[in-house]
Amino acid sequence: MAKVVIDGKEYEVNPDNNLLQECLSQGLDLPYFCWHPCMGSVGACRQCAVKQYRDEDDKEGMLVMACMTPASDGTRISIEDEQAKDMRERVIESLMISHPHDCPVCEEGGECHLQDMTLMSGHNYRRYDKQKRTHHNQYLGPFINHEMNRCIACYRCVRFYDDYAGGTDLAAQASHHHVYFGRHEDGVLESEFSGNLVEVCPTGVFTDKAFSENYTRKWDLQTAPSVCAGCSVGCNTTPGERYGTLRRITNRYNSEVNGYFICDRGRFGFDYVNSDSRLRRAVAQVNDEAAEMSDEQVADLLAELKSEGAIGIGSPRSSNEANYALRSLVGEENFYSGMADDERAVSRLILELSRDKAFHSPSIREIEKADAVLVIGEDVTNTAARVALALRQSVRNKASQLATDNNIPVWQDAAVRELAQHERSPLSILSAYATRLDDVASEVIVESYENQAAIANAVAARLSSNAPATAPLSPELQAHVDVISEHLAGARRPLIVSGSSNGQIELVKAAANVARALQDKNEVAIGLCLVQREANSFGLEMLLRAENGLGAALDKLSKGEVKKAIVLENDLYRRASHAAVDAALDNAESLVVLDLLPTRTTAKATHVVPTTAFSEHEATYVNYEGRAQLSYQVHQCKFGAQPAWQWLHSSDVNAIVQECSEEAKGFDKLSTLLPGIDQFVAGMKVPRQTHRYSGRTAEIANLNVHEPKQPQDNNSVLSFSMEGIPALKDASVLGASWSPSWNSNQSISKFQDEINGELKQGDTGRLLVERTESGAYLMPETDTVQVAEGQLLLARSLQIFGSDELSAHATAIQQRATGPYLSLSPEDASRLGISQGDAVSLNGNGAIATACIRSRMKTGTASLYVDDSIDYYALPAAIGPSKSEQQGSDRSLDGLIISDRYEEGY
Amino acid sequence: MVDNPLTKNIDMSRPPLEVGAYESNDGYQSLHKIAGGLSPEDVLQIVKDSGLKGRGGAGFPTGLKWSFVPQGPDSEQQKYLVVNADEMEPGTFKDRLLMEGDPHLLLEGMIIASYTIAASKAYIFLRGEYTKSVETLSKAIKEAYDKGYLGKNILNTGYDLDIILHTSAGRYICGEETALLNALEGKRANPRAKPPFPQVSGLWGKPTIVNNVETICNLPGILTYGVDWYHGLTKGKDHGTKLFGVSGKVKNPGCWEMPLGLPIRELLEDKAGGMQDGLGLRGFLPGGGSTDFMLPEHLDLALDYDEIAKVGSRLATGTMIILDDKTCPVGMIGNLMTFFSHESCGFCTPCRDGLPWVDAIFREFEAGKGTEKDLEILREHVDYMGPGRTFCALAPGATAPLGSGLKYFEEDFKEHIKQKRCPYKH
């Protein structure tokens with residue numbers, strides 16, 4: 001620690017940081033724009049000017065930028081110095097000369113960092129009376145609005161989008177006061193993280209387009225701390241609701257998980273909650289006639305099914321509570337996985353590996369610290385995007401090391417990037433196709449699943465003689481093995497990444513073997529990041545018996561061994577071949593399906609029971625690490641849907657959490673996630689609505705001029721009202737963050753114990769699984785797929801916009817989604833007479849996909865992205881595609897962002 | 001002995017000397033001296049002893065700058081020399097004379113400098129508009145390769161060097177050494193933060209020395225004729241000769257080599273022939289567009305870094321711009337402000353948004369719409385865009401003529417306000 005004097009008062013600070021960061025960590029107000037807590041300093045805006053003094057006797061001092069000055073021991077500065085204050089006021093005045101002052105119609109108004117800083121700096125009278133500089137705006141796609149006239153040129157957008165997130169289609173253009181931040185021409189912003197521009201931009205240049213069309217001021221949004229249900233990372237979010245509709249989602253800081261950034265699926269994939277297609281009431285469906293059911297009738301029906309030994313099929317997209325409630329209703333022995341069998345087998349293995357002392361499951365923050373990474377077969381950009389963003393930071397550890405060696409502080413962002421140039425920590429990728437991380441990878445090896453596993457197992461064998469011996473590889477593959485082994489062996493914090501998305505258990509076995517081989521050498525737990533496809537894949541698996549796979553359940557139904565089933569929030573047609581699902585469901589006497597949107601499975605149900613969406617109920621989810629997190633209810637569902645746990649078990653979620661903690665193996669810590677009301681000021685609830693919430697008395701004035709009674713929340717520590725004590729200190733219930741003088745999301749610094757630290761009294765979740773077991777190497781089992789002449793070995797590809805069942809219903813996401821497409825190499829395409837964009841028959845039974853020719857596909861292989869139109873599990877492991885005369889999908893591949901698009905003659 | 005080492009070979013009425021003629025006039029002798037057994041450390045000591053200061057404007061001791069390059073087995077082995085030939089300072093055309101007049105002198109200097117700092121690659125970052133320099137330098141580089149002064153194992157020393165000529169796409173900010181490096185890397189020409197200095201992390205993150213053309217052209221003489229000779233060239237505190245230029249309404253504008261330390265008057269009256277008939281000297285910018293005005297009363301000061309600094313200006317590039325008494329000083333400063341405003345890279349706020357405001361005010365003054373309030377805002381901007389407040393030296397450079405102009409020519413500003421027009425226009 002170092003001691004610095006700020007305005008005559010001594011503070012203990014971290015000398016590895018800059019003065020701005022340390023001032024903010026101390027809770028002092030010092031305005032800034034270009035600095036960002038996790039992107040460091042560049043010194044562009046000159047807003048954080050302070051006076052620095054040489055020593056006690058120096059009364060003159062000189063102005064310095066706090067963000068560009070190290071907080072070294074003995075530093076003496078003044079924030080309050082008149083000259084420094086004057087400088088900061090001048091900077092704001094300058095920034096504002098061409099700003100349109102359109103706050104009343106600007107989406108950022110009320111949560112604008114520029115507004116906050118303007119007030120903080122004291123500039124309030126406009127002296128500039130010359131002509132303003134104006135810009136043209138661009139069309140940037142379905143997610144983001146562009147209003148360049150508001151720009152104050154802080155450079156944060158390009159620093160995030162390009163430098164941090166690896167985007168290539170947003171740039172600083174032109175110069176002097178015409179500097180322009182946009183694309184080379186109108187068009188969709190390609191990055192999967194573009195939505196973060198909304199939060200990174202300190203003013204209203206980049207705003208949330210979907211929100212804009214359905215706009216509400218920040219202070220009029222009802223919010224609560226939530227967890228994204230879009231994938232297995234479990235990013236923390238703040239959904240905001242007004243007048244019964246969910247309006248937007250923003251990032252909610254969690255120091256261990258998402259930090260400051262979420263992906264575009266998480267931010268824009270929510271408006272299915274507001275969909276007109278939502279299931280609204282319980283109905284009995286007999287012979288195409290639908291009869292409405294009362295709550296009592298549903299309860300009676302469920303009780304009857306319970307007594308008749310119905311089976312329950314759970315869901316990886318449903319909460320622990322919903323799955324536990326179903327398990328509790330049907331009995332553990334009758335509770336089955338709702339995942340595809342191949343994927344589920346991997347999920348089971350992941351759960352077993354999570355108990356193994358040889359490994360640790362790294363948080364996003366820990367992934368960022370890895371200094372050598374091997375990714376095996378998992379396209380994390382499309383399955384767990386936040387992990388991909390963290391991997392992109394991990395390759396910069398080499399840069400940090402170089403900077404430290406050259407006495408350059410790591411917060412000097414531009415300087416560190418200049419120094420390091422293309423020097424990166426190793427990131428080796430084994431994949432069936434080119435991925436979006438390839439640009440920062442040290443090796444990209446495009447191979448079949450079988451060869452990926454073989455390479456990884458050979459790496460394990462190379463690293464430790466205890467690992468299973470492997471068959472000799474071709475010299476070419478062996479060369480990869482040598483390089484990867486060297487990278488991993490030389491690393492201090494190696495990380496192995498894989499996952500269950502492809503349903504390829506050999507890949508995860510190999511990943512575990514590599515990690516175990518490293519552990520043999522290092523004798524410290526090795527980072528093993530195994531992602532899954534859905535928000536609660538991990539939690540569901542914890543509730544399951546090993547033998548209770550979906551196939552077993554379907555078998556029982558088709559064979560008539562059981563006649564009744566309850567399906568929880570799951571479209572089984574996405575999980576098994578349509579024939580197998582049909583055979584099972586057609587055979588069921590009673591099929592109760594709980595869900596929030598109609599699916600092919602609800603269409604088969606004898607009874608459909610409507611459930612609430614993630615923002616309409618309180619629940620917990622377990623992410624890929626085994627981290628359980630609590631997601632609060634944001635708003636009430638205005639129609640007859642109820643949380644699944646309420647239909648299945650009881651209306652008291654706390655009681656279910658408590659019971660699950662006690663009854664379900666591994667869930668002991670779950671109940672500690674629930675805060676007690678006694679820990680809040682005067683035992684009062686925390687309001688979901690802000691102090692400034694307006695219009696409550698006028699909300700339904702077209703119907704009734706009296707103020708409606710505020711709904712009660714009998715379950716949580718939050719209330720559906722403005723009354724109560726806001727969470728000023730306790731950040732575990734912090735939905736939207738506000739602090740005096742800080743109305744924007746930058747106010748989060750006031751809730752952190754230090755910048756980038758944990759939230760004060762915040763909650764980062766609980767790692768549920770204890771690592772107590774000592775496992776062994778897993779023997780590879782090769783099952784070589786026979787590929788006949790003319791056939792291509794098939795791999796599966798997933799899309800961030802489209803592969804997730806619920807977000808695929810969101811309007812904004814749909815505009816970025818494509819139809820099914822088959823990626824194939826130029827050589828195979830030419831051999832098969834297939835051109836880019838052709839409709840392609842996959843197996844001659846009617847499945848059609850669009851051909852996407854990619855320059856880096858391995859010949860003899862293809863990868864397939866499917867939507868609901870394709871019966872994926874009916875496809876063989878190798879297919880013989882042919883050009884089809886049939887009309888393909890009406891969605892072209894225009895929205896598809898891949899790095900290796902092949903263009904003939906290019 | 002030679003007393004004009006920079007221009008001894010220059011005769012603009014003919015093409016520059018080819019390599020053979022250059023050699024026969026002591027050219028490339030310094031390299032034979034090095035090949036005869038001078039280590040890089042020896043050369044560094046000679047350059048330090050010579051007292052050579054950078055001729056690009058800042059006047060930083062060259063040997064000292066070189067000594068910051070990390071050397072030794074543990075240091076980064078790839079090092080670069082970059083010659084700043086992006087001569088865009090208003091009123092400055094001295095480097096052009098050297099490159100068009102005697103390109104081998106620059107190459108010889110570059111080889112000396114590169115050898116000293118152990119750079120295996122040297123770049124010339126050339127102002128794009130200097131098309132004639134492209135021709136002369138390209139030809140000279142080829143000749144030097146053919147003669148074995150460049151390439152592998154130069155003069156059997158085991159030392160390798162390649163020189164790459166890069167023509168700029170053209171921005172004033174590229175003359176700022178770190179912006180130049182970004183431009184050379186193909187990036188936006190925004191300056192970089194210092195520290196780290198280019199000597200530690202420069203071109204492509206490697207240790208790099210950026211020197212001005214004229215600085216480099218001093219080296220062959222120092223090595224060939226020795227430090228004593230170099231010190232003997234001048235009588236003042238600063239050593240060596242310098243190119244001085246004069247532009248404006250003088251009888252004979254141009255560029256000449258003179259020893260440092262002679263009175264300004266000698267440059268203005270003897271070399272430039274004094275003011276044109278009927279015109280009086282109102283003031284002058286001594287070293288290009290980003291230096292403070294000086295007045296006729298300063299004409300007897302020595303052309304020397306410290307002397308000029310004493311009256312609040314800078315010798316800088318040593319190329320004077322003359323303001324006569326029939327030209328409006330407000331118009332002249334306004335013209336410079338338009339230039340600086342346009343050439344801001346747009347990175348830091350005071351420069352990007354301060355200069356356009358200043359420029360807009362000058363345009364209103366020209367149009368007779370200037371006000372006392374505007375004058376006050378101009379004065380504020382002198383501080384606001386001053387040293388330490390901006391990211392690089394561009395805006396502080398712009399405040400030099402602005403601040404000194406507001407001080408020396410305040411009456412002219414006031415007359416514009418009072419008469420609601422430019423009093424110099426009839």
# chains A, B, ... in the order shown; residues from 1 in each chain; ligands from 1
call {"tool": "interface_residues", "arguments": {"of": "chain B", "to": "chain A", "cutoff": "6 Å", "atoms": "only C-alpha atoms", "output": "list of chain:residue names"}}
result
B:Ser201, B:Gly205, B:His342, B:Ser344, B:Cys345, B:Gly346, B:Phe347, B:Cys348, B:Thr349, B:Arg352, B:Asp353
call {"tool": "write_last_selection", "arguments": {"atoms": "C-alpha atoms", "output": "tab-separated table (two decimals), in the first residue's frame"}}
result
chain	number	residue	atom	x	y	z
B	201	SER	CA	8.49	1.39	-26.51
B	205	GLY	CA	6.53	-1.51	-29.38
B	342	HIS	CA	-7.78	21.68	-38.83
B	344	SER	CA	-5.79	18.62	-34.50
B	345	CYS	CA	-5.99	14.84	-34.44
B	346	GLY	CA	-9.20	15.03	-32.41
B	347	PHE	CA	-7.97	12.97	-29.50
B	348	CYS	CA	-7.93	15.30	-26.51
B	349	THR	CA	-10.64	17.75	-25.63
B	352	ARG	CA	-10.13	19.17	-30.52
B	353	ASP	CA	-12.85	21.46	-29.21
call {"tool": "residues_around", "arguments": {"residues": "B:Gly236", "least_positions_apart": "4", "cutoff": "10 Å", "atoms": "only C-alpha atoms", "output": "list in words"}}
result
His231, Gly232, Gly240, Pro259, Leu260, Gly261, Leu262, Ala302, Leu303, Asp304 and Glu307 of chain B
call {"tool": "atom_distance", "arguments": {"atom1": "atom CA of A:Glu541", "atom2": "atom CA of A:Arg344"}}
result
8.1 Å
call {"tool": "residues_around", "arguments": {"residues": "stretch 133-142 of chain B", "least_positions_apart": "2", "cutoff": "10 Å", "atoms": "only C-alpha atoms", "output": "ChimeraX atom specification"}}
result
/B:15-19,85,95-107,124,126-131,144-150,162-167
call {"tool": "atom_distance", "arguments": {"atom1": "atom CA of B:Phe68", "atom2": "atom CA of A:Ala71"}}
result
24.6 Å
call {"tool": "select_by_dssp", "arguments": {"residues": "stretch 51-213 of chain B", "states": "alpha helix (DSSP H)", "output": "ChimeraX atom specification"}}
result
/B:62-67,94-101,103-117,131-146,177-184,213
call {"tool": "write_last_selection", "arguments": {"atoms": "N, CA and C atoms", "output": "compact mmCIF listing (two decimals), in the first residue's frame"}}
result
# COMPACT_ATOMS: atom_id res chain seq x y z
N THR B 62 20.93 15.23 -28.26
CA THR B 62 20.78 14.00 -29.05
C THR B 62 21.43 12.79 -28.39
N GLY B 63 22.65 12.98 -27.90
CA GLY B 63 23.38 11.87 -27.28
C GLY B 63 22.64 11.34 -26.07
N LEU B 64 22.09 12.25 -25.30
CA LEU B 64 21.34 11.84 -24.11
C LEU B 64 20.12 11.01 -24.50
N LYS B 65 19.42 11.48 -25.52
CA LYS B 65 18.24 10.74 -26.00
C LYS B 65 18.63 9.32 -26.40
N TRP B 66 19.73 9.21 -27.12
CA TRP B 66 20.16 7.88 -27.58
C TRP B 66 20.51 6.97 -26.41
N SER B 67 21.03 7.59 -25.36
CA SER B 67 21.50 6.78 -24.22
C SER B 67 20.34 6.13 -23.48
N LYS B 94 13.47 23.74 -44.15
CA LYS B 94 14.91 23.48 -44.04
C LYS B 94 15.25 22.02 -44.36
N ASP B 95 14.44 21.09 -43.87
CA ASP B 95 14.73 19.68 -44.12
C ASP B 95 14.61 19.37 -45.61
N ARG B 96 13.69 20.05 -46.22
CA ARG B 96 13.49 19.87 -47.66
C ARG B 96 14.77 20.21 -48.41
N LEU B 97 15.42 21.31 -48.00
CA LEU B 97 16.66 21.72 -48.64
C LEU B 97 17.69 20.60 -48.53
N LEU B 98 17.79 20.01 -47.35
CA LEU B 98 18.79 18.96 -47.12
C LEU B 98 18.48 17.72 -47.95
N MET B 99 17.22 17.35 -48.00
CA MET B 99 16.87 16.09 -48.69
C MET B 99 16.91 16.25 -50.20
N GLU B 100 16.55 17.44 -50.67
CA GLU B 100 16.60 17.66 -52.11
C GLU B 100 18.02 17.98 -52.56
N GLY B 101 18.80 18.58 -51.62
CA GLY B 101 20.12 19.08 -51.99
C GLY B 101 21.26 18.10 -51.74
N PRO B 103 21.06 14.26 -50.35
CA PRO B 103 20.42 13.12 -49.67
C PRO B 103 21.43 12.18 -49.01
N HIS B 104 22.63 12.05 -49.58
CA HIS B 104 23.60 11.13 -48.98
C HIS B 104 24.02 11.57 -47.58
N LEU B 105 23.99 12.88 -47.33
CA LEU B 105 24.35 13.36 -46.00
C LEU B 105 23.39 12.78 -44.96
N LEU B 106 22.09 12.77 -45.32
CA LEU B 106 21.10 12.20 -44.41
C LEU B 106 21.33 10.71 -44.23
N LEU B 107 21.59 10.01 -45.33
CA LEU B 107 21.79 8.56 -45.23
C LEU B 107 23.02 8.25 -44.37
N GLU B 108 24.10 8.99 -44.58
CA GLU B 108 25.32 8.76 -43.81
C GLU B 108 25.03 8.97 -42.32
N GLY B 109 24.31 10.03 -42.02
CA GLY B 109 23.94 10.30 -40.62
C GLY B 109 23.07 9.19 -40.05
N MET B 110 22.16 8.70 -40.87
CA MET B 110 21.27 7.64 -40.39
C MET B 110 22.05 6.37 -40.07
N ILE B 111 23.05 6.08 -40.89
CA ILE B 111 23.84 4.86 -40.65
C ILE B 111 24.61 5.01 -39.34
N ILE B 112 25.15 6.20 -39.11
CA ILE B 112 25.86 6.46 -37.84
C ILE B 112 24.91 6.27 -36.65
N ALA B 113 23.75 6.90 -36.76
CA ALA B 113 22.80 6.84 -35.64
C ALA B 113 22.32 5.41 -35.41
N SER B 114 22.00 4.71 -36.48
CA SER B 114 21.49 3.34 -36.36
C SER B 114 22.55 2.44 -35.75
N TYR B 115 23.78 2.61 -36.20
CA TYR B 115 24.89 1.81 -35.66
C TYR B 115 25.02 2.05 -34.15
N THR B 116 24.89 3.30 -33.76
CA THR B 116 25.08 3.65 -32.35
C THR B 116 24.00 3.03 -31.47
N ILE B 117 22.78 3.06 -31.94
CA ILE B 117 21.70 2.53 -31.09
C ILE B 117 21.41 1.06 -31.41
N THR B 131 7.67 15.49 -53.06
CA THR B 131 7.85 14.49 -54.12
C THR B 131 9.27 14.50 -54.67
N LYS B 132 9.88 15.68 -54.69
CA LYS B 132 11.26 15.75 -55.21
C LYS B 132 12.19 14.99 -54.26
N SER B 133 11.92 15.11 -52.93
CA SER B 133 12.75 14.39 -51.96
C SER B 133 12.60 12.88 -52.14
N VAL B 134 11.41 12.46 -52.52
CA VAL B 134 11.21 11.02 -52.78
C VAL B 134 12.20 10.58 -53.85
N GLU B 135 12.30 11.38 -54.92
CA GLU B 135 13.20 11.01 -56.01
C GLU B 135 14.65 11.01 -55.56
N THR B 136 15.08 12.10 -54.91
CA THR B 136 16.49 12.20 -54.54
C THR B 136 16.86 11.13 -53.51
N LEU B 137 15.99 10.91 -52.55
CA LEU B 137 16.31 9.92 -51.52
C LEU B 137 16.30 8.51 -52.09
N SER B 138 15.31 8.21 -52.92
CA SER B 138 15.23 6.85 -53.47
C SER B 138 16.50 6.54 -54.26
N LYS B 139 16.93 7.49 -55.03
CA LYS B 139 18.13 7.28 -55.85
C LYS B 139 19.34 7.09 -54.93
N ALA B 140 19.44 7.94 -53.92
CA ALA B 140 20.60 7.87 -53.02
C ALA B 140 20.62 6.55 -52.26
N ILE B 141 19.44 6.11 -51.84
CA ILE B 141 19.38 4.85 -51.08
C ILE B 141 19.88 3.71 -51.95
N LYS B 142 19.46 3.71 -53.21
CA LYS B 142 19.91 2.65 -54.11
C LYS B 142 21.43 2.68 -54.27
N GLU B 143 21.94 3.89 -54.44
CA GLU B 143 23.40 4.04 -54.58
C GLU B 143 24.13 3.53 -53.34
N ALA B 144 23.57 3.86 -52.18
CA ALA B 144 24.24 3.46 -50.93
C ALA B 144 24.24 1.94 -50.78
N TYR B 145 23.12 1.31 -51.19
CA TYR B 145 23.09 -0.16 -51.16
C TYR B 145 24.17 -0.71 -52.10
N ASP B 146 24.21 -0.13 -53.31
CA ASP B 146 25.15 -0.63 -54.31
C ASP B 146 26.58 -0.51 -53.83
N GLU B 177 6.35 13.01 -32.70
CA GLU B 177 7.05 11.75 -32.93
C GLU B 177 6.22 10.50 -32.64
N THR B 178 5.36 10.55 -31.63
CA THR B 178 4.60 9.33 -31.32
C THR B 178 3.43 9.15 -32.28
N ALA B 179 2.85 10.27 -32.73
CA ALA B 179 1.80 10.16 -33.76
C ALA B 179 2.40 9.64 -35.04
N LEU B 180 3.63 10.07 -35.30
CA LEU B 180 4.36 9.58 -36.47
C LEU B 180 4.49 8.06 -36.39
N LEU B 181 4.84 7.56 -35.21
CA LEU B 181 5.02 6.12 -35.06
C LEU B 181 3.71 5.39 -35.33
N ASN B 182 2.60 5.92 -34.79
CA ASN B 182 1.30 5.30 -35.05
C ASN B 182 1.00 5.30 -36.55
N ALA B 183 1.29 6.44 -37.20
CA ALA B 183 1.02 6.53 -38.64
C ALA B 183 1.88 5.52 -39.39
N LEU B 184 3.13 5.39 -38.98
CA LEU B 184 4.03 4.44 -39.63
C LEU B 184 3.53 3.01 -39.46
N VAL B 213 15.53 15.33 -39.46
CA VAL B 213 16.46 15.24 -40.60
C VAL B 213 17.73 16.04 -40.33
call {"tool": "residues_around", "arguments": {"residues": "B:Cys255", "least_positions_apart": "2", "cutoff": "9 Å", "atoms": "only C-alpha atoms", "output": "list in words"}}
result
Phe93, Lys94, Leu97, Leu243, Phe244, Gly245, Val246, Ser247, Pro253, Glu257, Lys271, Ala272 and Thr319 of chain B
call {"tool": "write_last_selection", "arguments": {"atoms": "C-alpha atoms", "output": "mmCIF file, in the first residue's frame"}}
result
data_model
loop_
_atom_site.group_PDB
_atom_site.id
_atom_site.type_symbol
_atom_site.label_atom_id
_atom_site.label_comp_id
_atom_site.auth_asym_id
_atom_site.auth_seq_id
_atom_site.Cartn_x
_atom_site.Cartn_y
_atom_site.Cartn_z
ATOM 1 C CA PHE B 93 11.430 24.279 -45.302
ATOM 2 C CA LYS B 94 14.906 23.476 -44.037
ATOM 3 C CA LEU B 97 16.659 21.722 -48.642
ATOM 4 C CA LEU B 243 19.732 26.000 -41.029
ATOM 5 C CA PHE B 244 17.802 29.217 -40.615
ATOM 6 C CA GLY B 245 14.994 30.321 -42.810
ATOM 7 C CA VAL B 246 13.086 33.511 -43.316
ATOM 8 C CA SER B 247 9.699 33.879 -44.930
ATOM 9 C CA PRO B 253 13.298 34.981 -48.355
ATOM 10 C CA GLU B 257 23.281 27.574 -42.896
ATOM 11 C CA LYS B 271 20.788 36.957 -45.423
ATOM 12 C CA ALA B 272 17.170 37.903 -46.047
ATOM 13 C CA THR B 319 12.693 29.275 -39.538
#
call {"tool": "residues_around", "arguments": {"residues": "A:Ala619", "least_positions_apart": "6", "cutoff": "7 Å", "atoms": "only C-alpha atoms", "output": "JSON, numbers by chain"}}
result
{"A": [319, 321, 630, 631, 632]}
call {"tool": "write_last_selection", "arguments": {"atoms": "N, CA and C atoms", "output": "PDB file, in the first residue's frame"}}
result
ATOM      1  N   SER A 319     -35.656 -23.074 -13.450  1.00  0.00           N
ATOM      2  CA  SER A 319     -34.906 -22.837 -12.222  1.00  0.00           C
ATOM      3  C   SER A 319     -34.763 -24.109 -11.400  1.00  0.00           C
ATOM      4  N   GLU A 321     -35.854 -24.279  -8.451  1.00  0.00           N
ATOM      5  CA  GLU A 321     -37.103 -24.407  -7.717  1.00  0.00           C
ATOM      6  C   GLU A 321     -38.159 -25.125  -8.549  1.00  0.00           C
ATOM      7  N   LEU A 630     -29.216 -16.058  -7.162  1.00  0.00           N
ATOM      8  CA  LEU A 630     -30.628 -15.736  -6.938  1.00  0.00           C
ATOM      9  C   LEU A 630     -31.074 -14.645  -7.905  1.00  0.00           C
ATOM     10  N   SER A 631     -32.189 -14.884  -8.542  1.00  0.00           N
ATOM     11  CA  SER A 631     -32.767 -13.910  -9.454  1.00  0.00           C
ATOM     12  C   SER A 631     -34.129 -13.498  -8.892  1.00  0.00           C
ATOM     13  N   TYR A 632     -34.294 -12.203  -8.653  1.00  0.00           N
ATOM     14  CA  TYR A 632     -35.542 -11.741  -8.044  1.00  0.00           C
ATOM     15  C   TYR A 632     -36.632 -11.531  -9.088  1.00  0.00           C
TER      16      TYR A 632
END
call {"tool": "closest_residue", "arguments": {"among": "A:Ser884, A:Asn513, A:Thr599, A:Asn715", "to": "A:Leu353", "atoms": "only C-alpha atoms"}}
result
A:Asn513
call {"tool": "residues_around", "arguments": {"residues": "stretch 662-670 of chain A", "least_positions_apart": "5", "cutoff": "10 Å", "atoms": "only C-alpha atoms", "output": "PyMOL selection string"}}
result
chain A and resi 320+324+327-328+332+539+542-544+620-622+627-630+656-657+765-770
call {"tool": "write_last_selection", "arguments": {"atoms": "C-alpha atoms", "output": "compact mmCIF listing (two decimals), in the first residue's frame"}}
result
# COMPACT_ATOMS: atom_id res chain seq x y z
CA ASN A 320 -33.81 -25.13 -9.42
CA TYR A 324 -37.17 -29.40 -7.64
CA ARG A 327 -39.12 -33.78 -8.68
CA SER A 328 -40.79 -33.39 -5.35
CA GLU A 332 -36.93 -38.56 -7.46
CA GLY A 539 -28.70 -27.37 -11.50
CA MET A 542 -27.70 -32.08 -9.70
CA LEU A 543 -31.34 -33.02 -9.16
CA LEU A 544 -31.23 -36.08 -11.38
CA THR A 620 -32.18 -19.65 -8.41
CA TYR A 621 -29.99 -20.99 -11.22
CA VAL A 622 -26.67 -22.82 -11.17
CA ARG A 627 -22.38 -21.20 -8.85
CA ALA A 628 -25.93 -20.77 -7.60
CA GLN A 629 -27.37 -17.29 -8.01
CA LEU A 630 -30.63 -15.74 -6.94
CA ILE A 656 -39.12 -24.41 -1.65
CA VAL A 657 -35.58 -23.07 -1.56
CA GLY A 765 -23.48 -16.33 -5.52
CA ARG A 766 -22.53 -19.64 -3.93
CA LEU A 767 -20.39 -22.41 -5.37
CA LEU A 768 -22.56 -25.37 -4.50
CA VAL A 769 -20.38 -28.35 -5.18
CA GLU A 770 -17.56 -29.31 -2.83
call {"tool": "residues_around", "arguments": {"residues": "A:Gln815", "least_positions_apart": "6", "cutoff": "10 Å", "atoms": "only C-alpha atoms", "output": "ChimeraX atom specification"}}
result
/A:141-143,801-802,808,891,895
call {"tool": "write_last_selection", "arguments": {"atoms": "N, CA and C atoms", "output": "short mmCIF file (atom, residue, chain, number, x, y, z; two decimals), in the first residue's frame"}}
result
data_model
loop_
_atom_site.label_atom_id
_atom_site.label_comp_id
_atom_site.auth_asym_id
_atom_site.auth_seq_id
_atom_site.Cartn_x
_atom_site.Cartn_y
_atom_site.Cartn_z
N GLY A 141 -28.23 -1.51 -37.34
CA GLY A 141 -28.86 -2.81 -37.11
C GLY A 141 -29.97 -2.73 -36.09
N PRO A 142 -30.51 -3.89 -35.71
CA PRO A 142 -31.71 -3.92 -34.87
C PRO A 142 -31.46 -3.59 -33.40
N PHE A 143 -30.21 -3.53 -32.99
CA PHE A 143 -29.95 -3.38 -31.56
C PHE A 143 -29.66 -1.94 -31.12
N PHE A 801 -27.45 -15.95 -31.74
CA PHE A 801 -28.78 -15.43 -32.02
C PHE A 801 -29.58 -16.53 -32.71
N GLY A 802 -30.24 -17.34 -31.94
CA GLY A 802 -31.09 -18.36 -32.55
C GLY A 802 -31.06 -19.71 -31.86
N ALA A 808 -34.69 -16.81 -28.90
CA ALA A 808 -34.96 -16.87 -30.34
C ALA A 808 -36.34 -16.31 -30.68
N ARG A 891 -35.16 -17.08 -44.71
CA ARG A 891 -34.14 -16.22 -44.12
C ARG A 891 -32.81 -16.48 -44.81
N GLY A 895 -27.51 -12.16 -42.41
CA GLY A 895 -27.24 -11.75 -41.03
C GLY A 895 -26.13 -12.54 -40.38
#
call {"tool": "closest_residue", "arguments": {"among": "A:Gly259, A:Gly338, A:Gly166, A:Pro826", "to": "A:Arg574", "atoms": "only C-alpha atoms"}}
result
A:Gly338
call {"tool": "atom_distance", "arguments": {"atom1": "atom CA of A:Glu60", "atom2": "atom CA of B:Arg314"}}
result
24.0 Å
call {"tool": "select_by_dssp", "arguments": {"residues": "stretch 479-638 of chain A", "states": "strand (DSSP E or B)", "output": "PyMOL selection string"}}
result
chain A and resi 494-499+526-531+564-568+590-595+607-611+619-622+627-631
